[in-house]
file coords09.cif (mmCIF, C-alpha atoms)
data_my_file
#
loop_
_atom_site.label_atom_id
_atom_site.label_comp_id
_atom_site.auth_asym_id
_atom_site.auth_seq_id
_atom_site.Cartn_x
_atom_site.Cartn_y
_atom_site.Cartn_z
CA GLN O 1 -39.55 -62.82 12.59
CA LEU O 2 -37.92 -61.17 15.65
CA VAL O 3 -36.87 -64.53 17.04
CA THR O 4 -35.14 -65.41 13.77
CA GLU O 5 -33.40 -62.03 13.74
CA LEU O 6 -32.29 -62.51 17.35
CA GLN O 7 -30.83 -65.90 16.53
CA GLU O 8 -29.00 -64.56 13.47
CA LYS O 9 -27.61 -61.35 14.96
CA SER O 10 -26.77 -62.35 18.52
CA VAL O 11 -24.43 -64.79 20.19
CA ASN O 12 -26.85 -65.42 23.06
CA TYR O 13 -29.98 -63.88 24.58
CA GLY O 14 -32.27 -64.50 27.52
CA ASN O 15 -34.34 -63.14 30.36
CA SER O 16 -34.81 -63.92 34.01
CA LEU O 17 -35.96 -62.56 37.33
CA GLY O 18 -32.70 -61.94 39.12
CA VAL O 19 -29.29 -63.19 38.10
CA GLY O 20 -29.51 -66.84 37.09
CA GLY O 21 -33.26 -67.25 37.48
CA GLY O 22 -35.37 -69.64 35.44
CA ASN O 23 -38.96 -69.80 34.22
CA PHE O 24 -40.26 -70.81 37.64
CA SER O 25 -37.57 -69.60 40.01
CA CYS O 26 -35.75 -66.37 40.78
CA GLY O 27 -32.03 -65.85 40.87
CA ALA O 28 -30.01 -63.54 43.09
CA PHE O 29 -31.40 -59.98 43.25
CA SER O 30 -34.87 -61.32 42.44
CA GLN O 31 -36.42 -57.85 42.32
CA VAL O 32 -34.64 -57.23 39.00
CA ALA O 33 -36.09 -58.27 35.64
CA MET O 34 -33.06 -58.98 33.45
CA PHE O 35 -32.87 -59.04 29.68
CA THR O 36 -29.51 -60.04 28.27
CA LEU O 37 -28.22 -59.93 24.74
CA LYS O 38 -24.69 -60.89 23.75
CA ALA O 39 -23.47 -59.71 20.37
CA ARG O 40 -20.17 -59.67 18.53
CA ASN O 41 -17.81 -56.86 19.52
CA THR O 42 -18.13 -54.71 16.39
CA PRO O 43 -19.81 -51.29 16.10
CA GLU O 44 -22.36 -52.68 13.62
CA SER O 45 -23.26 -55.67 15.80
CA TYR O 46 -23.51 -53.46 18.89
CA GLN O 47 -25.88 -50.97 17.25
CA SER O 48 -27.89 -53.84 15.80
CA ALA O 49 -28.10 -55.50 19.24
CA VAL O 50 -29.45 -52.34 20.89
CA GLY O 51 -31.97 -51.99 18.04
CA LEU O 52 -33.04 -55.61 18.47
CA LEU O 53 -33.54 -55.11 22.20
CA ARG O 54 -35.72 -52.09 21.44
CA ASP O 55 -37.70 -54.07 18.85
CA VAL O 56 -38.23 -57.00 21.21
CA LEU O 57 -38.92 -55.09 24.42
CA ILE O 58 -40.71 -51.98 23.16
CA SER O 59 -41.83 -52.20 19.53
CA SER O 60 -43.13 -55.76 19.34
CA LYS O 61 -46.87 -56.38 19.28
CA PHE O 62 -48.54 -58.99 21.43
CA ASP O 63 -51.47 -60.98 20.12
CA ALA O 64 -53.70 -63.50 21.84
CA GLU O 65 -52.59 -66.45 19.72
CA ARG O 66 -48.88 -65.98 20.42
CA LEU O 67 -49.60 -65.59 24.14
CA ARG O 68 -51.69 -68.76 24.04
CA VAL O 69 -48.80 -70.70 22.45
CA ALA O 70 -46.29 -69.32 24.99
CA ALA O 71 -48.60 -70.14 27.93
CA LYS O 72 -49.22 -73.68 26.62
CA ASN O 73 -45.46 -74.24 26.32
CA LEU O 74 -44.92 -73.06 29.89
CA VAL O 75 -47.77 -75.26 31.18
CA ALA O 76 -46.10 -78.21 29.43
CA ASP O 77 -42.81 -77.27 31.15
CA VAL O 78 -44.58 -77.29 34.53
CA SER O 79 -46.07 -80.72 33.82
CA GLU O 80 -42.63 -82.07 33.02
CA MET O 81 -41.04 -80.48 36.09
CA LYS O 82 -43.72 -81.96 38.37
CA ARG O 83 -42.13 -85.35 37.74
CA GLU O 84 -38.93 -84.25 39.48
CA GLY O 85 -39.22 -84.66 43.24
CA GLU O 86 -36.41 -82.23 44.07
CA VAL O 87 -38.04 -79.48 42.01
CA ILE O 88 -41.37 -79.96 43.78
CA ALA O 89 -39.64 -79.99 47.19
CA GLN O 90 -37.89 -76.70 46.34
CA ALA O 91 -41.18 -75.17 45.14
CA LEU O 92 -42.94 -76.17 48.37
CA LEU O 93 -40.05 -74.83 50.46
CA ARG O 94 -40.10 -71.50 48.62
CA GLU O 95 -43.86 -71.36 49.14
CA LYS O 96 -43.30 -71.52 52.91
CA ILE O 97 -40.22 -69.28 53.09
CA TYR O 98 -41.16 -66.32 50.90
CA ARG O 99 -44.03 -64.00 51.65
CA GLU O 100 -46.86 -63.11 49.34
CA GLY O 101 -45.96 -60.23 47.05
CA SER O 102 -42.34 -61.32 46.54
CA ASN O 103 -41.11 -62.48 43.14
CA HIS O 104 -40.10 -65.81 44.69
CA HIS O 105 -43.69 -66.31 45.79
CA ALA O 106 -45.15 -65.20 42.44
CA CYS O 107 -42.82 -67.37 40.35
CA ASN O 108 -43.51 -70.52 42.29
CA LEU O 109 -44.01 -73.48 39.98
CA ILE O 110 -47.39 -74.43 41.45
CA ARG O 111 -48.74 -70.87 41.48
CA GLN O 112 -47.53 -70.28 37.91
CA HIS O 113 -49.35 -73.41 36.73
CA ARG O 114 -52.61 -72.04 38.13
CA PHE O 115 -51.90 -68.57 36.71
CA LEU O 116 -51.02 -69.88 33.25
CA SER O 117 -54.09 -72.12 33.17
CA ALA O 118 -56.30 -69.15 34.10
CA THR O 119 -54.56 -67.05 31.44
CA LEU O 120 -55.26 -69.73 28.82
CA ASP O 121 -58.93 -69.71 29.83
CA ALA O 122 -59.01 -65.90 29.63
CA LEU O 123 -57.49 -65.95 26.15
CA ASP O 124 -60.43 -68.01 24.88
CA SER O 125 -62.85 -65.08 24.78
CA VAL O 126 -62.34 -61.81 22.90
CA GLU O 127 -63.33 -59.64 25.86
CA SER O 128 -61.06 -61.29 28.42
CA SER O 129 -58.18 -61.69 25.94
CA SER O 130 -58.18 -57.93 25.34
CA ARG O 131 -57.93 -57.47 29.13
CA VAL O 132 -54.94 -59.87 29.26
CA LEU O 133 -53.25 -58.01 26.39
CA ALA O 134 -53.83 -54.67 28.15
CA GLU O 135 -52.30 -56.02 31.38
CA ILE O 136 -49.24 -57.27 29.52
CA GLU O 137 -48.82 -53.91 27.78
CA GLU O 138 -49.07 -52.18 31.16
CA MET O 139 -46.41 -54.48 32.58
CA ARG O 140 -44.17 -53.85 29.58
CA GLY O 141 -44.58 -50.10 30.12
CA VAL O 142 -43.34 -50.40 33.69
CA LEU O 143 -40.42 -52.64 32.76
CA THR O 144 -39.23 -50.44 29.89
CA ASP O 145 -39.82 -47.05 31.49
CA PRO O 146 -36.42 -45.28 31.24
CA ALA O 147 -36.63 -44.47 34.96
CA ASN O 148 -36.65 -48.23 35.67
CA VAL O 149 -33.98 -49.29 33.18
CA PHE O 150 -30.34 -49.95 34.02
CA CYS O 151 -28.08 -50.81 31.10
CA GLN O 152 -24.78 -52.59 31.54
CA VAL O 153 -22.50 -52.83 28.54
CA VAL O 154 -19.53 -55.15 28.79
CA ALA O 155 -17.35 -54.56 25.76
CA ASP O 156 -14.17 -53.07 24.40
CA ALA O 157 -15.37 -49.45 24.35
CA PHE O 158 -12.37 -48.38 22.25
CA LYS O 159 -13.37 -50.84 19.54
CA LEU O 160 -17.06 -49.87 19.65
CA GLY O 161 -16.57 -46.12 19.67
CA ASP O 162 -19.70 -44.28 20.79
CA VAL O 163 -21.29 -46.67 23.26
CA LYS O 164 -24.08 -44.37 24.51
CA SER O 165 -25.75 -43.06 21.33
CA PRO O 166 -27.54 -46.28 20.32
CA TRP O 167 -29.34 -46.20 23.69
CA LEU O 168 -30.85 -42.74 23.07
CA SER O 169 -33.66 -44.07 20.86
CA PHE O 170 -34.12 -47.05 23.17
CA LEU O 171 -34.54 -44.83 26.23
CA GLY O 172 -36.59 -42.08 24.59
CA GLY O 173 -33.75 -39.61 24.06
CA THR O 174 -32.49 -39.40 27.65
CA LEU O 175 -29.69 -41.30 29.27
CA PRO O 176 -29.59 -42.08 32.99
CA GLY O 177 -27.05 -40.31 35.19
CA PRO O 178 -23.34 -41.09 34.99
CA ALA O 179 -22.68 -44.66 36.00
CA SER O 180 -20.23 -45.61 33.30
CA THR O 181 -16.83 -47.19 33.71
CA THR O 182 -14.01 -45.54 31.80
CA PRO O 183 -10.79 -47.24 30.70
CA ALA O 184 -8.93 -45.07 33.23
CA SER O 185 -11.09 -46.32 36.11
CA VAL O 186 -10.59 -49.93 34.97
CA SER O 187 -6.79 -49.42 34.95
CA TYR O 188 -6.98 -47.86 38.42
CA ALA O 189 -9.11 -50.74 39.72
CA ARG O 190 -6.68 -53.33 38.33
CA ALA O 191 -3.72 -51.56 39.92
CA PHE O 192 -5.58 -51.19 43.22
CA HIS O 193 -6.50 -54.89 43.37
CA LYS O 194 -2.94 -55.98 42.59
CA GLU O 195 -1.74 -54.04 45.63
CA CYS O 196 -4.32 -55.62 47.96
#
call {"tool": "encode", "arguments": {"input": "coords09.cif", "output": "structure tokens"}}
result
Amino acid sequence: QLVTELQEKSVNYGNSLGVGGGNFSCGAFSQVAMFTLKARNTPESYQSAVGLLRDVLISSKFDAERLRVAAKNLVADVSEMKREGEVIAQALLREKIYREGSNHHACNLIRQHRFLSATLDALDSVESSSRVLAEIEEMRGVLTDPANVFCQVVADAFKLGDVKSPWLSFLGGTLPGPASTTPASVSYARAFHKEC
């Protein structure tokens, strides 16, 4: 149901580790888990987009069957990617370059295949599947903790009106410190860069 709603109410959506990362590779700034949602530039679409992000990232419920389907799809992706020599060479190179504990190391295609296979095995029993679900909920808690969240809104703020209020329910009623760009600062930046 959420996926259908995302497709209907958004222009584009996605997630990655770092900017431009994929399922089995990190992008630039790999320490950042990114969730992006592009919506139409209307107040209604904007408020709906923030609500959808909250529903997907915070309010959704995980169940073992959905995780099993997602893990099987990712395992199938790995199997397909193993046929591409360049992809395997990059995975092996990343394995040697990046140290254990880094996101590049954790996202490695070969390591993820082992991890996903073990996760599929764990989802077969009730006891171990409840452990997997608990670990995913714990990870979600860390990722969506307001202290760990940075929101970037790229839009015509004049057209949207109140840009901050929709985030209050998403972030538990508190907004992070001032890091917003005002139209005046944008005008100043444009003028400054023209002079340089």
call {"tool": "closest_residue", "arguments": {"input": "coords09.cif", "among": "O:Ala49, O:Met34, O:Ala39, O:Leu92", "to": "O:Pro166", "atoms": "all atoms listed in the file"}}
result
O:Ala49
call {"tool": "closest_residue", "arguments": {"input": "coords09.cif", "among": "O:Arg68, O:Lys61, O:Arg54, O:Arg40", "to": "O:Ser125", "atoms": "only C-alpha atoms"}}
result
O:Arg68
call {"tool": "residues_around", "arguments": {"input": "coords09.cif", "residues": "O:Ser16", "least_positions_apart": "3", "cutoff": "12 Å", "atoms": "all atoms listed in the file", "output": "list in words"}}
result
Tyr13, Val19, Gly20, Gly21, Gly22, Asn23, Phe24, Ser25, Cys26, Gly27, Ala28, Phe29, Ser30, Gln31, Val32, Ala33, Met34, Phe35, Thr36, Asn103 and Cys107 of chain O
call {"tool": "write_last_selection", "arguments": {"input": "coords09.cif", "atoms": "C-alpha atoms", "output": "short mmCIF file (atom, residue, chain, number, x, y, z; two decimals), in the coordinates of the input"}}
result
data_model
loop_
_atom_site.label_atom_id
_atom_site.label_comp_id
_atom_site.auth_asym_id
_atom_site.auth_seq_id
_atom_site.Cartn_x
_atom_site.Cartn_y
_atom_site.Cartn_z
CA TYR O 13 -29.98 -63.88 24.58
CA VAL O 19 -29.29 -63.19 38.10
CA GLY O 20 -29.51 -66.84 37.09
CA GLY O 21 -33.26 -67.25 37.48
CA GLY O 22 -35.37 -69.64 35.44
CA ASN O 23 -38.96 -69.80 34.22
CA PHE O 24 -40.26 -70.81 37.64
CA SER O 25 -37.57 -69.60 40.01
CA CYS O 26 -35.75 -66.37 40.78
CA GLY O 27 -32.03 -65.85 40.87
CA ALA O 28 -30.01 -63.54 43.09
CA PHE O 29 -31.40 -59.98 43.25
CA SER O 30 -34.87 -61.32 42.44
CA GLN O 31 -36.42 -57.85 42.32
CA VAL O 32 -34.64 -57.23 39.00
CA ALA O 33 -36.09 -58.27 35.64
CA MET O 34 -33.06 -58.98 33.45
CA PHE O 35 -32.87 -59.04 29.68
CA THR O 36 -29.51 -60.04 28.27
CA ASN O 103 -41.11 -62.48 43.14
CA CYS O 107 -42.82 -67.37 40.35
#
call {"tool": "atom_distance", "arguments": {"input": "coords09.cif", "atom1": "atom CA of O:Lys164", "atom2": "atom CA of O:Gly14"}}
result
21.9 Å
call {"tool": "closest_residue", "arguments": {"input": "coords09.cif", "among": "O:Glu138, O:Ile88, O:Ala106, O:Lys9", "to": "O:Val50", "atoms": "all atoms listed in the file"}}
result
O:Lys9
call {"tool": "resolve_selection", "arguments": {"input": "coords09.cif", "expression": "the PyMOL selection byres ((chain O and resi 161) around 12)", "output": "PyMOL selection string"}}
result
chain O and resi 41-44+46-47+155-160+162-166
call {"tool": "residues_around", "arguments": {"input": "coords09.cif", "residues": "O:Val126", "least_positions_apart": "5", "cutoff": "12 Å", "atoms": "all atoms listed in the file", "output": "number ranges by chain"}}
result
O: 63-65, 121, 131-133
call {"tool": "atom_distance", "arguments": {"input": "coords09.cif", "atom1": "atom CA of O:Gln152", "atom2": "atom CA of O:Ser102"}}
result
24.7 Å
call {"tool": "atom_distance", "arguments": {"input": "coords09.cif", "atom1": "atom CA of O:Val3", "atom2": "atom CA of O:Gly141"}}
result
20.9 Å
call {"tool": "closest_residue", "arguments": {"input": "coords09.cif", "among": "O:Ser48, O:Ser79, O:Leu57, O:Gln1", "to": "O:Leu171", "atoms": "only C-alpha atoms"}}
result
O:Leu57
call {"tool": "axis_aligned_box", "arguments": {"input": "coords09.cif", "around": "stretch 120-131 of chain O", "padding_each_side": "8 Å", "output": "lines of an AutoDock Vina configuration file"}}
result
center_x = -59.3
center_y = -63.6
center_z = 26.4
size_x = 24.1
size_y = 28.3
size_z = 22.9
call {"tool": "closest_residue", "arguments": {"input": "coords09.cif", "among": "O:Val142, O:Cys151, O:Ala118, O:Glu137", "to": "O:Phe62", "atoms": "all atoms listed in the file"}}
result
O:Glu137
call {"tool": "resolve_selection", "arguments": {"input": "coords09.cif", "expression": "the PyMOL selection byres ((chain O and resi 74) around 10)", "output": "list in words"}}
result
Asn23, Phe24, Arg68, Val69, Ala70, Ala71, Lys72, Asn73, Val75, Ala76, Asp77, Val78, Ser79, Glu80, Gln112, His113, Leu116 and Ser117 of chain O
call {"tool": "decode", "arguments": {"input": "coords09.cif", "residues": "stretch 76-143 of chain O", "atoms": "C-alpha atoms", "output": "short mmCIF file (atom, residue, chain, number, x, y, z; two decimals), in the first residue's frame"}}
result
data_model
loop_
_atom_site.label_atom_id
_atom_site.label_comp_id
_atom_site.auth_asym_id
_atom_site.auth_seq_id
_atom_site.Cartn_x
_atom_site.Cartn_y
_atom_site.Cartn_z
CA ALA O 76 18.85 -12.46 -7.27
CA ASP O 77 20.43 -9.06 -8.05
CA VAL O 78 23.77 -10.30 -6.70
CA SER O 79 23.55 -13.44 -8.85
CA GLU O 80 22.96 -11.32 -11.92
CA MET O 81 25.78 -8.90 -11.07
CA LYS O 82 28.24 -11.78 -10.59
CA ARG O 83 28.10 -12.29 -14.36
CA GLU O 84 29.68 -8.87 -14.94
CA GLY O 85 33.46 -9.06 -14.67
CA GLU O 86 33.93 -5.33 -14.05
CA VAL O 87 31.50 -5.39 -11.13
CA ILE O 88 33.31 -8.32 -9.53
CA ALA O 89 36.69 -6.63 -10.06
CA GLN O 90 35.39 -3.47 -8.37
CA ALA O 91 33.98 -5.51 -5.47
CA LEU O 92 37.31 -7.29 -4.96
CA LEU O 93 39.19 -3.98 -5.15
CA ARG O 94 36.89 -2.39 -2.57
CA GLU O 95 37.38 -5.44 -0.36
CA LYS O 96 41.14 -4.78 -0.33
CA ILE O 97 41.00 -0.97 -0.10
CA TYR O 98 38.41 -0.35 2.60
CA ARG O 99 38.81 -1.48 6.18
CA GLU O 100 36.39 -3.57 8.16
CA GLY O 101 33.72 -1.45 9.80
CA SER O 102 33.37 0.99 6.89
CA ASN O 103 30.19 1.15 4.84
CA HIS O 104 32.20 0.35 1.71
CA HIS O 105 33.35 -2.86 3.35
CA ALA O 106 29.87 -3.76 4.66
CA CYS O 107 28.11 -3.10 1.33
CA ASN O 108 30.49 -5.22 -0.68
CA LEU O 109 28.62 -7.39 -3.16
CA ILE O 110 30.20 -10.63 -1.96
CA ARG O 111 29.72 -9.87 1.74
CA GLN O 112 26.10 -8.81 1.14
CA HIS O 113 25.38 -12.09 -0.64
CA ARG O 114 26.56 -14.01 2.44
CA PHE O 115 24.67 -11.66 4.78
CA LEU O 116 21.43 -11.89 2.79
CA SER O 117 21.66 -15.68 2.56
CA ALA O 118 22.16 -15.88 6.34
CA THR O 119 19.22 -13.50 6.83
CA LEU O 120 17.01 -15.71 4.66
CA ASP O 121 18.00 -18.72 6.77
CA ALA O 122 17.26 -16.78 9.97
CA LEU O 123 13.82 -15.78 8.68
CA ASP O 124 12.86 -19.45 8.39
CA SER O 125 12.32 -19.94 12.13
CA VAL O 126 10.00 -17.91 14.35
CA GLU O 127 12.62 -17.37 17.05
CA SER O 128 15.39 -16.14 14.77
CA SER O 129 13.00 -14.11 12.58
CA SER O 130 11.87 -12.15 15.64
CA ARG O 131 15.56 -11.41 16.36
CA VAL O 132 16.03 -10.16 12.77
CA LEU O 133 12.94 -7.96 13.05
CA ALA O 134 14.20 -6.54 16.37
CA GLU O 135 17.59 -5.73 14.81
CA ILE O 136 15.94 -3.94 11.90
CA GLU O 137 13.73 -1.94 14.26
CA GLU O 138 16.83 -0.97 16.25
CA MET O 139 18.58 0.16 13.08
CA ARG O 140 15.52 2.15 12.03
CA GLY O 141 15.52 3.84 15.44
CA VAL O 142 19.10 4.99 14.97
CA LEU O 143 18.51 6.20 11.41
#
